[in-house]
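Just model26.json here, JSON, C-alpha atoms and all ligand atoms:
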[["chain", "number", "residue", "atom", "x", "y", "z"],
["A", 28, "MET", "CA", 0.86, 15.88, 0.26],
["A", 29, "LEU", "CA", 4.41, 14.58, -0.14],
["A", 30, "PRO", "CA", 7.17, 17.20, 0.19],
["A", 31, "ASP", "CA", 8.89, 18.57, -2.92],
["A", 32, "HIS", "CA", 12.30, 17.10, -2.08],
["A", 33, "PRO", "CA", 13.34, 13.53, -3.00],
["A", 34, "LEU", "CA", 12.54, 10.89, -0.39],
["A", 35, "VAL", "CA", 12.54, 7.14, 0.11],
["A", 36, "LEU", "CA", 9.66, 5.26, 1.72],
["A", 37, "HIS", "CA", 10.07, 1.76, 3.12],
["A", 38, "GLY", "CA", 7.45, -0.87, 3.79],
["A", 39, "GLY", "CA", 6.49, -4.50, 3.63],
["A", 40, "CYS", "CA", 4.38, -7.28, 5.04],
["A", 41, "ASN", "CA", 3.93, -8.05, 8.72],
["A", 42, "CYS", "CA", 6.33, -11.03, 8.77],
["A", 43, "ARG", "CA", 9.02, -9.21, 6.69],
["A", 44, "ALA", "CA", 9.20, -11.89, 4.01],
["A", 45, "ILE", "CA", 8.31, -9.10, 1.57],
["A", 46, "ARG", "CA", 9.98, -5.68, 1.72],
["A", 47, "TYR", "CA", 9.68, -2.79, -0.69],
["A", 48, "LYS", "CA", 10.96, 0.74, -1.07],
["A", 49, "VAL", "CA", 9.63, 3.67, -3.05],
["A", 50, "GLN", "CA", 12.24, 6.12, -4.33],
["A", 51, "VAL", "CA", 10.37, 9.37, -4.92],
["A", 52, "PRO", "CA", 12.27, 11.92, -7.03],
["A", 53, "ALA", "CA", 12.06, 15.70, -6.61],
["A", 54, "ARG", "CA", 8.66, 17.17, -7.43],
["A", 55, "PRO", "CA", 9.46, 18.37, -10.98],
["A", 56, "GLU", "CA", 10.41, 14.81, -11.96],
["A", 57, "ARG", "CA", 7.17, 13.21, -10.73],
["A", 58, "PRO", "CA", 4.52, 12.29, -13.32],
["A", 59, "LEU", "CA", 1.21, 14.12, -13.01],
["A", 60, "ASN", "CA", -2.20, 12.53, -12.65],
["A", 61, "PRO", "CA", -3.76, 13.18, -16.08],
["A", 62, "PHE", "CA", -7.19, 13.67, -14.47],
["A", 63, "SER", "CA", -5.97, 16.48, -12.24],
["A", 64, "ASP", "CA", -5.47, 19.33, -14.74],
["A", 65, "GLY", "CA", -1.76, 18.94, -14.13],
["A", 66, "LYS", "CA", -2.06, 19.66, -10.41],
["A", 67, "VAL", "CA", -1.63, 16.30, -8.65],
["A", 68, "PRO", "CA", 1.70, 14.47, -8.90],
["A", 69, "PHE", "CA", 2.27, 10.79, -8.23],
["A", 70, "PRO", "CA", 2.71, 9.28, -5.68],
["A", 71, "MET", "CA", -0.76, 10.29, -4.51],
["A", 72, "VAL", "CA", -2.33, 9.14, -1.21],
["A", 73, "ALA", "CA", -6.06, 8.42, -1.35],
["A", 74, "ILE", "CA", -8.75, 6.93, 0.88],
["A", 75, "ASP", "CA", -10.76, 4.49, -1.23],
["A", 76, "HIS", "CA", -14.51, 4.02, -0.80],
["A", 77, "CYS", "CA", -14.99, 1.43, -3.56],
["A", 78, "ASN", "CA", -16.72, -1.86, -2.82],
["A", 79, "ASP", "CA", -14.13, -4.18, -4.41],
["A", 80, "CYS", "CA", -11.20, -2.85, -2.39],
["A", 81, "ARG", "CA", -13.14, -2.82, 0.86],
["A", 82, "ARG", "CA", -13.92, -6.52, 0.49],
["A", 83, "ALA", "CA", -10.55, -7.53, -0.96],
["A", 84, "THR", "CA", -8.60, -5.84, 1.83],
["A", 85, "GLY", "CA", -11.10, -6.54, 4.59],
["A", 86, "SER", "CA", -10.63, -2.94, 5.67],
["A", 87, "ILE", "CA", -13.65, -0.70, 6.08],
["A", 88, "LEU", "CA", -11.53, 2.15, 4.75],
["A", 89, "PRO", "CA", -8.63, 1.00, 2.57],
["A", 90, "THR", "CA", -6.10, 3.73, 1.83],
["A", 91, "TRP", "CA", -3.58, 3.59, -0.98],
["A", 92, "ILE", "CA", -0.40, 5.29, -2.02],
["A", 93, "CYS", "CA", -0.46, 5.25, -5.82],
["A", 94, "VAL", "CA", 3.13, 4.75, -6.96],
["A", 95, "PRO", "CA", 4.57, 4.78, -10.50],
["A", 96, "THR", "CA", 5.99, 1.28, -10.91],
["A", 97, "SER", "CA", 9.38, 2.73, -11.91],
["A", 98, "MET", "CA", 9.81, 4.16, -8.38],
["A", 99, "MET", "CA", 9.31, 0.87, -6.55],
["A", 100, "SER", "CA", 11.79, -1.91, -5.82],
["A", 101, "CYS", "CA", 11.43, -4.96, -3.63],
["A", 102, "GLN", "CA", 13.35, -7.49, -1.60],
["A", 103, "LEU", "CA", 11.67, -10.90, -1.33],
["A", 104, "GLN", "CA", 12.69, -13.75, 0.88],
["A", 105, "PRO", "CA", 12.74, -16.99, -1.14],
["A", 106, "ILE", "CA", 10.47, -19.73, 0.23],
["A", 107, "SER", "CA", 13.45, -22.06, -0.07],
["A", 108, "SER", "CA", 15.59, -20.06, 2.36],
["A", 109, "PRO", "CA", 16.31, -21.74, 5.75],
["A", 110, "ASN", "CA", 13.43, -21.55, 8.25],
["A", 111, "SER", "CA", 11.43, -19.57, 5.74],
["A", 112, "HIS", "CA", 8.17, -21.02, 7.01],
["A", 113, "ASP", "CA", 8.67, -19.93, 10.60],
["A", 114, "PRO", "CA", 7.94, -16.23, 11.04],
["A", 115, "ASN", "CA", 9.12, -16.39, 14.67],
["A", 116, "ASP", "CA", 12.62, -17.38, 13.66],
["A", 117, "SER", "CA", 14.82, -14.31, 13.43],
["A", 118, "ALA", "CA", 16.59, -15.67, 10.36],
["A", 119, "ALA", "CA", 13.23, -16.01, 8.69],
["A", 120, "THR", "CA", 11.90, -12.59, 9.58],
["A", 121, "SER", "CA", 14.37, -10.60, 7.57],
["A", 122, "SER", "CA", 14.83, -10.53, 3.83],
["A", 123, "ASP", "CA", 17.93, -8.36, 4.27],
["A", 124, "SER", "CA", 20.20, -10.80, 2.48],
["A", 125, "SER", "CA", 18.03, -10.85, -0.66],
["A", 126, "PRO", "CA", 18.87, -8.44, -3.49],
["A", 127, "TRP", "CA", 16.75, -5.36, -4.25],
["A", 128, "VAL", "CA", 15.10, -5.72, -7.65],
["A", 129, "PRO", "CA", 12.61, -3.55, -9.58],
["A", 130, "ALA", "CA", 9.12, -4.38, -8.30],
["A", 131, "VAL", "CA", 7.85, -4.70, -11.87],
["A", 132, "GLU", "CA", 9.90, -7.88, -12.15],
["A", 133, "LEU", "CA", 8.33, -9.62, -9.14],
["A", 134, "PHE", "CA", 5.01, -7.90, -8.32],
["A", 135, "LYS", "CA", 3.39, -9.37, -11.43],
["A", 136, "PRO", "CA", 2.54, -13.05, -11.97],
["A", 137, "GLY", "CA", 5.24, -15.00, -13.76],
["A", 138, "PRO", "CA", 7.49, -18.04, -13.61],
["A", 139, "HIS", "CA", 9.07, -16.69, -10.41],
["A", 140, "GLN", "CA", 5.83, -16.75, -8.44],
["A", 141, "ASP", "CA", 6.27, -20.14, -6.79],
["A", 142, "ASN", "CA", 9.64, -19.11, -5.37],
["A", 143, "TYR", "CA", 8.47, -16.38, -2.98],
["A", 144, "HIS", "CA", 5.89, -15.74, -0.27],
["A", 145, "LEU", "CA", 4.40, -13.01, -2.50],
["A", 146, "LYS", "CA", 1.11, -14.40, -3.84],
["A", 147, "PHE", "CA", -1.22, -13.18, -6.56],
["A", 148, "TYR", "CA", -4.97, -12.94, -6.91],
["A", 149, "GLN", "CA", -6.12, -12.10, -10.41],
["A", 150, "SER", "CA", -9.68, -10.90, -9.99],
["A", 151, "SER", "CA", -9.92, -10.40, -13.76],
["A", 152, "GLU", "CA", -7.62, -10.63, -16.76],
["A", 153, "ALA", "CA", -6.36, -7.10, -16.11],
["A", 154, "ILE", "CA", -6.36, -6.78, -12.33],
["A", 155, "THR", "CA", -3.85, -8.36, -9.99],
["A", 156, "ARG", "CA", -3.76, -8.02, -6.22],
["A", 157, "THR", "CA", -0.79, -9.23, -4.19],
["A", 158, "PHE", "CA", -0.53, -10.48, -0.64],
["A", 159, "CYS", "CA", 1.94, -12.33, 1.57],
["A", 160, "GLY", "CA", 1.25, -16.06, 1.53],
["A", 161, "ARG", "CA", 2.88, -16.45, 4.95],
["A", 162, "CYS", "CA", 1.33, -13.65, 7.04],
["A", 163, "GLY", "CA", -1.61, -12.64, 4.83],
["A", 164, "THR", "CA", -0.79, -8.94, 4.48],
["A", 165, "ASN", "CA", -2.42, -7.28, 1.47],
["A", 166, "LEU", "CA", 0.14, -5.29, -0.49],
["A", 167, "THR", "CA", -0.71, -4.02, -3.97],
["A", 168, "TYR", "CA", -3.33, -3.55, -6.67],
["A", 169, "PHE", "CA", -2.29, -3.38, -10.31],
["A", 170, "ILE", "CA", -4.16, -2.91, -13.61],
["A", 171, "SER", "CA", -2.14, -4.44, -16.44],
["A", 172, "HIS", "CA", -3.73, -2.37, -19.22],
["A", 173, "GLY", "CA", -3.20, 0.84, -17.25],
["A", 174, "MET", "CA", -5.59, 3.53, -16.09],
["A", 175, "GLY", "CA", -5.93, 5.25, -19.45],
["A", 176, "GLU", "CA", -4.12, 7.67, -21.69],
["A", 177, "GLY", "CA", -1.43, 9.71, -19.98],
["A", 178, "PHE", "CA", -1.35, 7.58, -16.84],
["A", 179, "PRO", "CA", 1.99, 6.11, -15.83],
["A", 180, "GLU", "CA", 1.95, 2.41, -14.91],
["A", 181, "ILE", "CA", 0.96, 2.40, -11.24],
["A", 182, "PHE", "CA", 1.14, 0.08, -8.26],
["A", 183, "ASP", "CA", -1.47, 1.03, -5.71],
["A", 184, "VAL", "CA", 0.20, 0.10, -2.41],
["A", 185, "ILE", "CA", -1.77, -0.34, 0.83],
["A", 186, "LEU", "CA", -0.70, 2.67, 2.90],
["A", 187, "GLY", "CA", -0.76, 0.68, 6.15],
["A", 188, "THR", "CA", 2.17, -1.44, 4.94],
["A", 189, "ILE", "CA", 4.52, 1.58, 4.97],
["A", 190, "ASP", "CA", 6.94, 1.38, 7.91],
["A", 191, "ARG", "CA", 5.85, 3.34, 10.96],
["A", 192, "GLU", "CA", 8.89, 5.68, 10.90],
["A", 193, "ASP", "CA", 7.81, 6.88, 7.47],
["A", 194, "LEU", "CA", 4.09, 6.73, 8.15],
["A", 195, "GLU", "CA", 4.43, 9.08, 11.13],
["A", 196, "LYS", "CA", 5.50, 11.92, 8.82],
["A", 197, "GLU", "CA", 2.66, 14.43, 8.51],
["A", 198, "TRP", "CA", 2.96, 14.43, 4.74],
["A", 199, "MET", "CA", 1.80, 10.79, 4.60],
["A", 200, "ALA", "CA", -1.74, 11.76, 5.61],
["A", 201, "PRO", "CA", -4.21, 11.06, 2.77],
["A", 202, "ASP", "CA", -4.68, 13.87, 0.26],
["A", 203, "ARG", "CA", -8.18, 12.97, -0.83],
["A", 204, "HIS", "CA", -11.11, 10.54, -0.94],
["A", 205, "CYS", "CA", -11.72, 8.54, -4.14],
["A", 206, "TRP", "CA", -14.82, 6.56, -5.18],
["A", 207, "TRP", "CA", -16.91, 8.65, -2.77],
["A", 208, "SER", "CA", -19.98, 7.95, -4.92],
["A", 209, "CYS", "CA", -19.71, 4.23, -3.94],
["A", 210, "GLY", "CA", -19.21, 4.93, -0.25],
["A", 211, "ILE", "CA", -21.14, 3.85, 2.84],
["A", 212, "LYS", "CA", -22.61, 6.86, 4.60],
["A", 213, "TRP", "CA", -21.42, 6.20, 8.14],
["A", 214, "VAL", "CA", -17.94, 5.32, 6.88],
["A", 215, "GLN", "CA", -17.84, 8.58, 4.95],
["A", 216, "GLU", "CA", -18.86, 10.50, 8.05],
["A", 217, "LEU", "CA", -16.30, 8.68, 10.19],
["A", 218, "SER", "CA", -13.53, 9.33, 7.68],
["A", 219, "ASN", "CA", -14.35, 12.95, 7.05],
["A", 220, "GLY", "CA", -14.44, 14.42, 10.53],
["A", 221, "GLY", "CA", -17.98, 13.40, 11.43],
["A", 222, "LYS", "CA", -19.29, 12.02, 14.73],
["A", 223, "VAL", "CA", -16.91, 12.24, 17.71],
["A", 224, "LEU", "CA", -16.37, 8.80, 19.29],
["A", 225, "PRO", "CA", -15.18, 7.87, 22.80],
["A", 226, "VAL", "CA", -11.40, 7.37, 22.76],
["A", 227, "HIS", "CA", -9.64, 4.66, 24.81],
["A", 228, "PRO", "CA", -5.87, 4.36, 25.20],
["A", 229, "THR", "CA", -6.00, 0.52, 24.90],
["A", 230, "TYR", "CA", -8.66, -2.18, 24.59],
["A", 231, "LYS", "CA", -10.07, -1.25, 28.02],
["A", 232, "VAL", "CA", -13.18, 0.71, 27.17],
["A", 233, "ASN", "CA", -13.61, 1.94, 30.75],
["A", 234, "GLU", "CA", -10.44, 4.07, 30.47],
["A", 235, "PHE", "CA", -10.45, 7.27, 28.47],
["A", 236, "VAL", "CA", -7.84, 9.44, 26.81],
["A", 237, "GLU", "CA", -7.81, 12.76, 28.68],
["B", 1, "ZN", "ZN", 4.52, -11.72, 5.35]]
Output the file's structure as structure tokens, nothing else.
Amino acid sequence: MLPDHPLVLHGGCNCRAIRYKVQVPARPERPLNPFSDGKVPFPMVAIDHCNDCRRATGSILPTWICVPTSMMSCQLQPISSPNSHDPNDSAATSSDSSPWVPAVELFKPGPHQDNYHLKFYQSSEAITRTFCGRCGTNLTYFISHGMGEGFPEIFDVILGTIDREDLEKEWMAPDRHCWWSCGIKWVQELSNGGKVLPVHPTYKVNEFVE
């Protein structure tokens, strides 16, 4: 569970063409999940067992931070910038010179979409997923007609795209499982403290963590 004080989370894609930040206000100013009896504020961090997100992300256990769109801004490197197609070029791996703009302006399809590496997949009229067209990182899920009465407009952001310095904070650990009723049994067991697996420090499966 996120702490009560204001905080800023940073993240982005693997090649840094797309950067975002989430400015989380103090707890009393955060909107509440209307399906939580007023108990769960946004942003909320949830492990997702649904079939669509497993396939779309390619992750056996996608995890999201559900962020009111008003809290999120982004910094996108234009495709037209010098060396923009070479992720190994240091000038191309930072979008630091681009301005920060509200994510609602760029994380939805529009006339700007050909200008940036941020790409869109509209799986239906209402649902848009975004990913980096250069490095392939999945970034967000968005429902244009909203989640229902009382819900703020939300970007679900793939938790693994948050920068490591922020992700290491204990409060970033998922709060809950969602779509459990769609889940795969062994994945549920793995994700909920089930079977203990051998643990290797690297790829060498003949070495074990003490
Ligand atoms: Zn990228």
Mind listing the residues within 9 Å of ligand ZN 1 (chain B), all atoms listed in the file counted, as a PyMOL selection string?
-> chain A and resi 39-46+114+120+144-145+158-164
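Between CA of Ser97 (chain A) and CA of Asp141 (chain A) the interatomic distance comes to 23.6 Å.
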List as a compact mmCIF listing (two decimals) with C-alpha atoms, in the frame of the given file the protein and nucleic acid residues near region 69-86 of chain A, meaning an atom at most 8 Å away when only C-alpha atoms are counted, but skip any in the same chain fewer than 6 places from it.
# COMPACT_ATOMS: atom_id res chain seq x y z
CA MET A 28 0.86 15.88 0.26
CA LEU A 29 4.41 14.58 -0.14
CA VAL A 51 10.37 9.37 -4.92
CA ARG A 57 7.17 13.21 -10.73
CA PRO A 58 4.52 12.29 -13.32
CA LEU A 59 1.21 14.12 -13.01
CA ASN A 60 -2.20 12.53 -12.65
CA ILE A 92 -0.40 5.29 -2.02
CA CYS A 93 -0.46 5.25 -5.82
CA VAL A 94 3.13 4.75 -6.96
CA PRO A 95 4.57 4.78 -10.50
CA ASN A 165 -2.42 -7.28 1.47
CA LEU A 186 -0.70 2.67 2.90
CA MET A 199 1.80 10.79 4.60
CA ALA A 200 -1.74 11.76 5.61
CA PRO A 201 -4.21 11.06 2.77
CA ASP A 202 -4.68 13.87 0.26
CA ARG A 203 -8.18 12.97 -0.83
CA HIS A 204 -11.11 10.54 -0.94
CA CYS A 205 -11.72 8.54 -4.14
CA TRP A 206 -14.82 6.56 -5.18
CA TRP A 207 -16.91 8.65 -2.77
CA SER A 208 -19.98 7.95 -4.92
CA CYS A 209 -19.71 4.23 -3.94
CA GLY A 210 -19.21 4.93 -0.25
CA ILE A 211 -21.14 3.85 2.84
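Taking only C-alpha atoms into account, Leu36 (chain A) lies nearest to A:Val184 out of the set A:Val214, A:Ile170, A:Val184, A:Val232.
Between CA of Ser63 (chain A) and CA of Phe169 (chain A) the interatomic distance comes to 20.3 Å.
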For Ser151 (chain A), the closest of A:Lys66, A:His139, A:Tyr168, A:Pro179 counting all atoms listed in the file is A:Tyr168
Counting all atoms listed in the file, the option among A:Pro126, A:Pro61, A:Pro68, A:Pro89 closest to Leu166 (chain A) = A:Pro89
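Across the model, the gap from CA of Ala130 (chain A) to CA of Ser107 (chain A) is 20.0 Å.
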Nearest to Val131 (chain A), restricted to all atoms listed in the file and choosing among A:Glu234, A:Glu152, A:Asp190, A:Glu180, comes out as A:Glu180
Can you tell me, as a PyMOL selection string, what residues are no more than 9 Å from Pro225 (chain A) when counting all atoms listed in the file, ignoring any on the same chain fewer than 2 positions away?
-> chain A and resi 223+227+232+235-236
Best match for closeness to Pro30 (chain A) among A:Glu216, A:Glu197, A:Glu237, A:Glu132, counting all atoms listed in the file | A:Glu197
